[in-house]
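Participant: The structure file input-v2.cif (mmCIF, C-alpha atoms and all ligand atoms) is provided below.
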data_entry
#
loop_
_atom_site.label_atom_id
_atom_site.label_comp_id
_atom_site.auth_asym_id
_atom_site.auth_seq_id
_atom_site.Cartn_x
_atom_site.Cartn_y
_atom_site.Cartn_z
CA MET A 1004 -8.32 -33.48 -66.13
CA LYS A 1005 -5.75 -34.75 -63.71
CA VAL A 1006 -6.19 -38.47 -63.05
CA ILE A 1007 -4.53 -40.13 -60.08
CA GLU A 1008 -4.63 -43.87 -59.61
CA GLN A 1009 -4.57 -44.44 -55.87
CA PRO A 1010 -2.60 -47.44 -54.63
CA VAL A 1011 -4.76 -50.43 -53.82
CA ALA A 1012 -5.36 -50.78 -50.11
CA THR A 1013 -2.88 -53.10 -48.46
CA GLY A 1014 -5.06 -55.70 -46.73
CA LEU A 1015 -5.92 -58.94 -48.50
CA GLY A 1016 -9.61 -58.45 -47.67
CA ASP A 1017 -9.51 -54.94 -49.16
CA LYS A 1018 -7.87 -56.24 -52.35
CA ALA A 1019 -10.39 -59.08 -52.69
CA PHE A 1020 -13.36 -56.79 -52.07
CA SER A 1021 -12.09 -54.17 -54.57
CA LEU A 1022 -11.58 -56.88 -57.21
CA ALA A 1023 -15.04 -58.34 -56.57
CA VAL A 1024 -16.71 -54.92 -56.97
CA LYS A 1025 -14.70 -54.22 -60.13
CA THR A 1026 -15.65 -57.58 -61.63
CA VAL A 1027 -19.36 -57.17 -60.90
CA GLN A 1028 -19.51 -53.57 -62.17
CA ALA A 1029 -17.51 -54.17 -65.34
CA GLY A 1030 -18.72 -57.70 -66.03
CA VAL A 1031 -22.39 -57.49 -65.09
CA ILE A 1032 -23.82 -54.07 -64.16
CA GLN A 1033 -22.29 -52.21 -67.08
CA HIS A 1034 -23.91 -54.62 -69.54
CA LEU A 1035 -27.28 -54.60 -67.77
CA ASP A 1036 -27.19 -50.80 -67.69
CA ARG A 1037 -26.71 -50.65 -71.46
CA LEU A 1038 -29.85 -52.76 -71.94
CA ARG A 1039 -31.98 -50.54 -69.72
CA LYS A 1040 -34.12 -47.98 -71.50
CA PRO A 1041 -33.91 -44.43 -70.16
CA GLU A 1042 -36.73 -44.17 -67.63
CA ARG A 1043 -36.64 -40.48 -67.12
CA THR A 1044 -38.51 -37.66 -68.78
CA PRO A 1045 -36.30 -35.59 -71.08
CA TYR A 1046 -34.82 -32.45 -69.64
CA SER A 1047 -36.82 -29.23 -69.99
CA GLY A 1048 -35.92 -26.46 -72.43
CA GLU A 1049 -35.10 -24.28 -69.44
CA PHE A 1050 -32.65 -26.88 -68.15
CA VAL A 1051 -30.97 -27.20 -71.55
CA GLU A 1052 -30.67 -23.40 -71.66
CA LYS A 1053 -29.10 -23.30 -68.21
CA MET A 1054 -26.57 -25.93 -69.16
CA GLY A 1055 -25.83 -24.09 -72.40
CA ALA A 1056 -25.20 -20.90 -70.42
CA LEU A 1057 -22.59 -22.83 -68.43
CA GLY A 1058 -20.99 -23.99 -71.67
CA ILE A 1059 -22.11 -27.61 -71.31
CA ASP A 1060 -22.67 -29.60 -74.50
CA MET A 1061 -25.88 -31.48 -73.70
CA ARG A 1062 -25.49 -33.73 -76.74
CA LYS A 1063 -22.66 -35.55 -75.00
CA ILE A 1064 -24.38 -36.13 -71.71
CA GLY A 1065 -26.24 -39.25 -70.60
CA TRP A 1066 -28.53 -37.40 -68.25
CA LYS A 1067 -31.55 -39.40 -69.34
CA GLY A 1068 -29.85 -42.67 -68.42
CA ALA A 1069 -30.70 -44.72 -65.39
CA MET A 1070 -27.56 -44.13 -63.32
CA THR A 1071 -27.27 -40.42 -63.04
CA PHE A 1072 -28.80 -37.71 -60.96
CA LEU A 1073 -32.05 -35.98 -61.87
CA PRO A 1074 -32.24 -32.58 -63.64
CA TYR A 1075 -34.34 -30.92 -60.89
CA ARG A 1076 -31.70 -32.00 -58.36
CA ALA A 1077 -28.96 -30.69 -60.65
CA GLU A 1078 -30.83 -27.36 -60.81
CA TYR A 1079 -31.06 -27.27 -57.03
CA LEU A 1080 -27.32 -27.95 -56.70
CA ILE A 1081 -26.57 -25.20 -59.23
CA ARG A 1082 -28.56 -22.76 -57.05
CA GLN A 1083 -26.70 -23.99 -53.96
CA ILE A 1084 -23.35 -23.42 -55.65
CA GLU A 1085 -24.25 -20.11 -57.27
CA SER A 1086 -25.64 -18.65 -54.04
CA LYS A 1087 -22.38 -19.48 -52.24
CA PRO A 1088 -19.62 -20.87 -54.45
CA PRO A 1089 -17.40 -23.39 -52.64
CA LYS A 1090 -13.64 -23.24 -52.50
CA ARG A 1091 -13.04 -26.98 -52.86
CA LEU A 1092 -15.69 -29.52 -53.85
CA LEU A 1093 -15.54 -33.25 -53.21
CA GLU A 1094 -17.59 -35.44 -55.54
CA VAL A 1095 -18.07 -39.00 -54.35
CA GLY A 1096 -18.98 -41.03 -57.43
CA ALA A 1097 -18.19 -39.49 -60.82
CA GLY A 1098 -20.33 -39.21 -63.96
CA SER A 1099 -22.41 -36.53 -65.66
CA SER A 1100 -22.33 -34.59 -62.40
CA THR A 1101 -18.55 -34.18 -62.84
CA LEU A 1102 -19.18 -32.18 -66.00
CA LEU A 1103 -21.69 -29.96 -64.23
CA PHE A 1104 -19.43 -29.33 -61.24
CA SER A 1105 -16.42 -28.67 -63.46
CA ALA A 1106 -18.37 -26.11 -65.52
CA LEU A 1107 -19.38 -24.37 -62.28
CA ALA A 1108 -15.79 -24.63 -61.04
CA HIS A 1109 -14.66 -22.89 -64.20
CA LYS A 1110 -17.18 -20.07 -63.69
CA TYR A 1111 -16.60 -19.60 -59.96
CA GLY A 1112 -12.97 -20.60 -59.64
CA PHE A 1113 -12.96 -23.63 -57.37
CA GLU A 1114 -11.37 -27.07 -57.44
CA VAL A 1115 -13.19 -30.40 -57.88
CA VAL A 1116 -11.85 -33.65 -56.47
CA SER A 1117 -13.81 -36.64 -57.73
CA LEU A 1118 -13.59 -40.24 -56.49
CA GLU A 1119 -14.42 -43.20 -58.70
CA ASN A 1120 -13.65 -46.90 -58.86
CA HIS A 1121 -15.33 -48.01 -62.10
CA GLY A 1122 -13.18 -47.79 -65.25
CA GLY A 1123 -16.21 -47.35 -67.54
CA THR A 1124 -17.24 -44.24 -65.59
CA VAL A 1125 -13.71 -42.84 -65.68
CA ASP A 1126 -13.72 -43.21 -69.50
CA TYR A 1127 -17.14 -41.56 -69.69
CA VAL A 1128 -16.00 -38.57 -67.61
CA ASP A 1129 -12.85 -38.31 -69.70
CA TYR A 1130 -15.02 -38.20 -72.84
CA LEU A 1131 -17.33 -35.57 -71.31
CA LEU A 1132 -14.49 -33.28 -70.27
CA GLU A 1133 -12.25 -33.76 -73.28
CA GLY A 1134 -11.67 -30.48 -75.12
CA THR A 1135 -13.52 -28.36 -72.54
CA PRO A 1136 -11.94 -25.51 -70.62
CA PHE A 1137 -13.40 -27.13 -67.47
CA ALA A 1138 -11.16 -30.19 -67.35
CA LYS A 1139 -8.29 -28.36 -65.65
CA HIS A 1140 -10.41 -27.83 -62.52
CA VAL A 1141 -10.89 -31.57 -61.91
CA CYS A 1142 -8.70 -34.11 -60.19
CA LEU A 1143 -10.17 -37.58 -60.54
CA GLN A 1144 -8.91 -40.24 -58.17
CA ILE A 1145 -9.37 -43.85 -59.27
CA CYS A 1146 -9.67 -45.84 -56.06
CA GLY A 1147 -10.21 -49.33 -54.77
CA PHE A 1148 -11.90 -49.90 -51.43
CA LYS A 1149 -10.76 -50.22 -47.85
CA ARG A 1150 -12.45 -51.49 -44.72
CA CYS A 1151 -12.97 -48.66 -42.22
CA PHE A 1152 -14.29 -48.53 -38.67
CA TYR A 1153 -16.22 -46.12 -36.46
CA PRO A 1154 -14.66 -45.60 -33.00
CA ASP A 1155 -17.08 -48.20 -31.55
CA GLY A 1156 -15.85 -50.84 -34.03
CA LYS A 1157 -18.77 -50.74 -36.51
CA ALA A 1158 -17.32 -51.47 -39.94
CA TYR A 1159 -18.02 -50.03 -43.39
CA TRP A 1160 -16.33 -49.86 -46.80
CA TRP A 1161 -15.07 -46.74 -48.48
CA TYR A 1162 -12.75 -45.57 -51.23
CA ALA A 1163 -9.02 -45.83 -50.54
CA ALA A 1164 -8.74 -42.12 -51.42
CA ASP A 1165 -6.42 -39.27 -50.50
CA LEU A 1166 -8.44 -36.30 -49.20
CA SER A 1167 -5.50 -34.24 -47.99
CA GLY A 1168 -5.00 -30.63 -49.08
CA ALA A 1169 -7.22 -27.60 -48.56
CA PRO A 1170 -10.44 -28.41 -46.70
CA PHE A 1171 -13.60 -29.29 -48.65
CA ASP A 1172 -16.60 -27.03 -48.08
CA PHE A 1173 -19.03 -28.76 -50.46
CA VAL A 1174 -19.51 -32.52 -50.84
CA PHE A 1175 -21.78 -34.41 -53.21
CA VAL A 1176 -22.28 -38.07 -52.36
CA ASP A 1177 -23.59 -40.18 -55.27
CA GLY A 1178 -21.44 -43.30 -54.92
CA PRO A 1179 -20.05 -45.86 -54.50
CA MET A 1180 -22.95 -48.06 -55.65
CA SER A 1181 -25.26 -48.55 -52.68
CA SER A 1182 -26.10 -52.12 -53.65
CA LEU A 1183 -22.45 -53.20 -53.82
CA VAL A 1184 -20.50 -50.99 -51.41
CA GLY A 1185 -22.67 -48.34 -49.75
CA ARG A 1186 -22.49 -44.58 -49.33
CA ASN A 1187 -22.32 -44.44 -45.54
CA GLY A 1188 -18.52 -44.13 -45.45
CA ALA A 1189 -18.50 -40.65 -46.97
CA LEU A 1190 -19.12 -38.57 -43.87
CA PRO A 1191 -16.93 -40.41 -41.33
CA GLN A 1192 -14.05 -40.54 -43.81
CA ALA A 1193 -14.41 -36.97 -45.11
CA MET A 1194 -15.10 -35.37 -41.72
CA PRO A 1195 -11.43 -34.67 -40.82
CA TYR A 1196 -11.00 -32.92 -44.18
CA LEU A 1197 -14.04 -30.63 -44.02
CA ALA A 1198 -14.03 -26.85 -43.62
CA ALA A 1199 -15.54 -25.14 -40.57
CA GLU A 1200 -18.84 -24.89 -42.47
CA THR A 1201 -19.58 -27.53 -45.07
CA ARG A 1202 -22.63 -28.49 -47.09
CA VAL A 1203 -22.85 -32.22 -47.80
CA PHE A 1204 -25.47 -33.44 -50.29
CA VAL A 1205 -26.48 -37.09 -50.58
CA ASP A 1206 -28.36 -38.21 -53.67
CA ASP A 1207 -31.24 -40.70 -53.57
CA VAL A 1208 -32.24 -40.33 -49.92
CA ASN A 1209 -35.69 -41.61 -50.91
CA ARG A 1210 -34.02 -45.08 -50.93
CA GLU A 1211 -33.57 -47.26 -47.86
CA HIS A 1212 -29.76 -47.45 -47.93
CA GLU A 1213 -29.32 -43.68 -48.17
CA LYS A 1214 -31.96 -43.07 -45.47
CA ALA A 1215 -30.08 -45.47 -43.21
CA ALA A 1216 -26.77 -43.70 -43.98
CA LEU A 1217 -28.24 -40.38 -42.81
CA GLN A 1218 -29.53 -42.03 -39.61
CA GLU A 1219 -26.11 -43.57 -39.03
CA TRP A 1220 -24.42 -40.19 -39.45
CA LYS A 1221 -26.86 -38.52 -37.03
CA HIS A 1222 -25.99 -41.21 -34.50
CA TYR A 1223 -22.21 -40.82 -34.82
CA PHE A 1224 -22.22 -37.04 -35.41
CA PRO A 1225 -25.13 -35.66 -33.34
CA GLU A 1226 -24.05 -32.08 -34.08
CA ILE A 1227 -24.90 -32.27 -37.82
CA GLN A 1228 -28.15 -30.87 -39.21
CA VAL A 1229 -29.96 -32.94 -41.79
CA ASP A 1230 -32.80 -31.84 -44.07
CA GLU A 1231 -34.28 -32.65 -47.46
CA GLU A 1232 -35.08 -29.23 -48.94
CA CYS A 1233 -34.91 -30.77 -52.42
CA PRO A 1234 -36.89 -34.05 -52.63
CA GLY A 1235 -34.59 -37.06 -52.80
CA LEU A 1236 -31.47 -35.03 -52.08
CA GLY A 1237 -30.36 -35.00 -48.46
CA ARG A 1238 -28.51 -31.96 -47.15
CA VAL A 1239 -26.19 -32.28 -44.19
CA LEU A 1240 -24.82 -29.12 -42.62
CA VAL A 1241 -21.56 -29.65 -40.80
CA ARG A 1242 -20.26 -26.93 -38.47
CA ARG A 1243 -17.03 -27.65 -36.66
C1 LIG B 1 -25.21 -43.04 -59.35
S1 LIG B 1 -23.70 -43.37 -60.13
C2 LIG B 1 -22.83 -41.83 -60.10
C3 LIG B 1 -23.46 -40.86 -60.94
C4 LIG B 1 -22.76 -39.56 -61.12
N1 LIG B 1 -22.63 -38.78 -59.91
C5 LIG B 1 -23.58 -38.87 -62.16
O1 LIG B 1 -24.27 -37.92 -61.85
O2 LIG B 1 -23.56 -39.34 -63.29
C6 LIG B 1 -22.86 -44.19 -58.82
C7 LIG B 1 -21.81 -45.12 -59.26
O3 LIG B 1 -22.36 -46.12 -60.08
C8 LIG B 1 -21.34 -46.67 -60.88
N2 LIG B 1 -21.83 -46.76 -62.26
C9 LIG B 1 -22.41 -45.80 -62.98
N3 LIG B 1 -22.73 -46.25 -64.21
C10 LIG B 1 -22.33 -47.55 -64.24
C11 LIG B 1 -22.39 -48.57 -65.23
N4 LIG B 1 -22.92 -48.35 -66.42
N5 LIG B 1 -21.88 -49.77 -64.93
C12 LIG B 1 -21.33 -50.01 -63.73
N6 LIG B 1 -21.25 -49.09 -62.74
C13 LIG B 1 -21.74 -47.88 -63.00
C14 LIG B 1 -20.12 -45.77 -60.78
O4 LIG B 1 -19.13 -46.41 -60.00
C15 LIG B 1 -20.68 -44.54 -60.08
O5 LIG B 1 -19.78 -43.87 -59.25
#
For this file, produce the structure as structure tokens.

Facilitator:
Amino acid sequence: MKVIEQPVATGLGDKAFSLAVKTVQAGVIQHLDRLRKPERTPYSGEFVEKMGALGIDMRKIGWKGAMTFLPYRAEYLIRQIESKPPKRLLEVGAGSSTLLFSALAHKYGFEVVSLENHGGTVDYVDYLLEGTPFAKHVCLQICGFKRCFYPDGKAYWWYAADLSGAPFDFVFVDGPMSSLVGRNGALPQAMPYLAAETRVFVDDVNREHEKAALQEWKHYFPEIQVDEECPGLGRVLVRR
């Protein structure tokens, strides 16, 4: 896996915000998360088989943990990718999903760019991908945060990432943490780097923050189409 540490954003406010998020995630949330019991039902035999067919070692994965996306949503995303493999996939918020996308990237020959700010998650992804043939398809950017603005002046936070290169035609938004930073920056910041036809998926749209992010995007980008074919997973179709 290629890991790039992006330079910290230049503004004092950006630096202070990035440090505050880092401190809370590493000093508080990480420890609370360890104490939480897995709330989710174990994955089905069929799911384990599917992962095995992709070459994924399920013994390593923390899919039953609290902070990761649900197996039925993973299965839906696998169908989305297999029915039309992307050329370049952007993952916003790394974790177990990085392993899944990298295995699919290995099978279908695409590139994965993943954005993450939390060191614990970077280590976890490194552990998941270590020794796999998938790792070479992933470029993980470790980013702080920067203050961004819509054209009308409305502000939001997003990763200080570098999205240049070939356009992305598949985006999965599962970070940064909604409670600390918010996910609403993904579309306005990624929009200039999207292909003519792009599928954007947003996890956890059953929650208020994610619902509001979709509303915000519909307001600023009235041309997008939004649906929820898979419960809890928003799909945004961007045609440019
Ligand atoms: C929902 S998680 C991302 C999950 C990832 N896409 C997956 O499927 O595993 C969103 C963000 O929460 C943060 N996070 C996850 N686990 C954490 C932990 N144990 N402590 C602190 N932050 C954590 C990371 O910054 C991550 O990008």

Participant: Using all atoms listed in the file, which residues of the polymer chains come no farther than 6 Å from ligand LIG 1 (chain B)? I'd like the answer as a PDB file with C-alpha atoms, in the frame of the given file.

Facilitator:
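To be explicit, this is the file written out as out_17.pdb:
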ATOM      1  CA  GLN A1028     -19.510 -53.570 -62.170  1.00  0.00           C
ATOM      2  CA  ALA A1029     -17.510 -54.170 -65.340  1.00  0.00           C
ATOM      3  CA  ILE A1032     -23.820 -54.070 -64.160  1.00  0.00           C
ATOM      4  CA  GLN A1033     -22.290 -52.210 -67.080  1.00  0.00           C
ATOM      5  CA  ASP A1036     -27.190 -50.800 -67.690  1.00  0.00           C
ATOM      6  CA  MET A1070     -27.560 -44.130 -63.320  1.00  0.00           C
ATOM      7  CA  THR A1071     -27.270 -40.420 -63.040  1.00  0.00           C
ATOM      8  CA  PHE A1072     -28.800 -37.710 -60.960  1.00  0.00           C
ATOM      9  CA  GLY A1096     -18.980 -41.030 -57.430  1.00  0.00           C
ATOM     10  CA  ALA A1097     -18.190 -39.490 -60.820  1.00  0.00           C
ATOM     11  CA  GLY A1098     -20.330 -39.210 -63.960  1.00  0.00           C
ATOM     12  CA  SER A1099     -22.410 -36.530 -65.660  1.00  0.00           C
ATOM     13  CA  SER A1100     -22.330 -34.590 -62.400  1.00  0.00           C
ATOM     14  CA  GLU A1119     -14.420 -43.200 -58.700  1.00  0.00           C
ATOM     15  CA  ASN A1120     -13.650 -46.900 -58.860  1.00  0.00           C
ATOM     16  CA  HIS A1121     -15.330 -48.010 -62.100  1.00  0.00           C
ATOM     17  CA  THR A1124     -17.240 -44.240 -65.590  1.00  0.00           C
ATOM     18  CA  ASP A1177     -23.590 -40.180 -55.270  1.00  0.00           C
ATOM     19  CA  GLY A1178     -21.440 -43.300 -54.920  1.00  0.00           C
ATOM     20  CA  PRO A1179     -20.050 -45.860 -54.500  1.00  0.00           C
ATOM     21  CA  MET A1180     -22.950 -48.060 -55.650  1.00  0.00           C
TER      22      MET A1180
END

Participant: Select, from A:His1212, A:Arg1243, A:Lys1018, A:Arg1037, the residue with the minimum atom-to-atom distance to Asn1187 of chain A, counting all atoms listed in the file.

Facilitator: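 Counting all atoms listed in the file, the residue closest to Asn1187 of chain A is A:His1212.
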
Participant: My list of candidates is A:Ala1198, A:Leu1022, A:Val1205, A:Ile1145. Which is closest to Val1176 of chain A when distances are computed with all atoms listed in the file?

Facilitator: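 Closest candidate: A:Val1205.
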
Participant: Please compute the atom CA of Asp1206 of chain A-atom CA of Val1128 of chain A distance, one decimal, in Å.

Facilitator: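 Between these atoms lies a distance of 18.6 Å.
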
Participant: Can you measure atom CA of Arg1186 of chain A to atom CA of Thr1201 of chain A for me? One decimal in Å is fine.

Facilitator: 17.8 Å

Participant: What is the distance, in Å and to one decimal place, between atom CA of Asp1165 of chain A and atom CA of Lys1025 of chain A?

Facilitator: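 Computing it gives 19.6 Å between the two atoms.
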
Participant: I'd like a table as JSON lines: residues in segment 1059-1105 of chain A with an atom no more than 12 Å from segment 1224-1239 of chain A, each row giving the shortest atom pair and its distance in Å to one decimal, only C-alpha atoms counted, sorted by chain and rising residue number.

Facilitator:
{"residue": "A:Phe1072", "atom": "CA", "partner": "A:Leu1236", "partner_atom": "CA", "distance": 9.7}
{"residue": "A:Leu1073", "atom": "CA", "partner": "A:Gly1235", "partner_atom": "CA", "distance": 9.5}
{"residue": "A:Pro1074", "atom": "CA", "partner": "A:Cys1233", "partner_atom": "CA", "distance": 11.7}
{"residue": "A:Tyr1075", "atom": "CA", "partner": "A:Cys1233", "partner_atom": "CA", "distance": 8.5}
{"residue": "A:Arg1076", "atom": "CA", "partner": "A:Cys1233", "partner_atom": "CA", "distance": 6.9}
{"residue": "A:Ala1077", "atom": "CA", "partner": "A:Leu1236", "partner_atom": "CA", "distance": 9.9}
{"residue": "A:Glu1078", "atom": "CA", "partner": "A:Cys1233", "partner_atom": "CA", "distance": 9.9}
{"residue": "A:Tyr1079", "atom": "CA", "partner": "A:Cys1233", "partner_atom": "CA", "distance": 7.0}
{"residue": "A:Leu1080", "atom": "CA", "partner": "A:Cys1233", "partner_atom": "CA", "distance": 9.2}
{"residue": "A:Arg1082", "atom": "CA", "partner": "A:Cys1233", "partner_atom": "CA", "distance": 11.2}
{"residue": "A:Gln1083", "atom": "CA", "partner": "A:Arg1238", "partner_atom": "CA", "distance": 10.6}

Participant: Determine the nearest neighbour of Ser1182 of chain A from the options A:Lys1005, A:Asp1126, A:Arg1210, A:Pro1089, counting only C-alpha atoms.

Facilitator: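 Of A:Lys1005, A:Asp1126, A:Arg1210, A:Pro1089, the one nearest Ser1182 of chain A is A:Arg1210, counting only C-alpha atoms.
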
Participant: Within 6 Å of (-8.2, -45.5, -52.7), only C-alpha atoms: residues as a PyMOL selection string?

Facilitator: chain A and resi 1009+1146-1148+1162-1164

Participant: With distances taken over all atoms listed in the file, which of A:Ala1138, A:Leu1166, A:Leu1035, A:Ala1189 is nearest to Met1004 of chain A?

Facilitator: A:Ala1138

Participant: Ranking A:Ile1064, A:Lys1149, A:Lys1139, A:Lys1053 by minimum distance to Tyr1127 of chain A and counting all atoms listed in the file, which one comes first?

Facilitator: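 Among the listed residues, A:Ile1064 lies closest to Tyr1127 of chain A.
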
Participant: Which residue gives the smallest distance to Arg1202 of chain A among A:Ile1059, A:Trp1160, A:Leu1143, A:Lys1087, with all atoms listed in the file counted?

Facilitator: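 Among the listed residues, A:Lys1087 lies closest to Arg1202 of chain A.
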
Participant: Counting all atoms listed in the file, find the residues whose atoms lie at most 6 Å from (-19.5, -34.5, -74.2) (file coordinates) and write them out as a list in words.

Facilitator: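 Protein and nucleic acid residues near the point are Asp1060, Lys1063, Ile1064, Tyr1130 and Leu1131 of chain A.
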
Participant: Which residues come within 9 Å of Pro1191 of chain A, counting only C-alpha atoms, excluding same-chain residues fewer than 6 positions away, as a list in words?

Facilitator: Phe1152, Tyr1153, Trp1220, Tyr1223 and Phe1224 of chain A
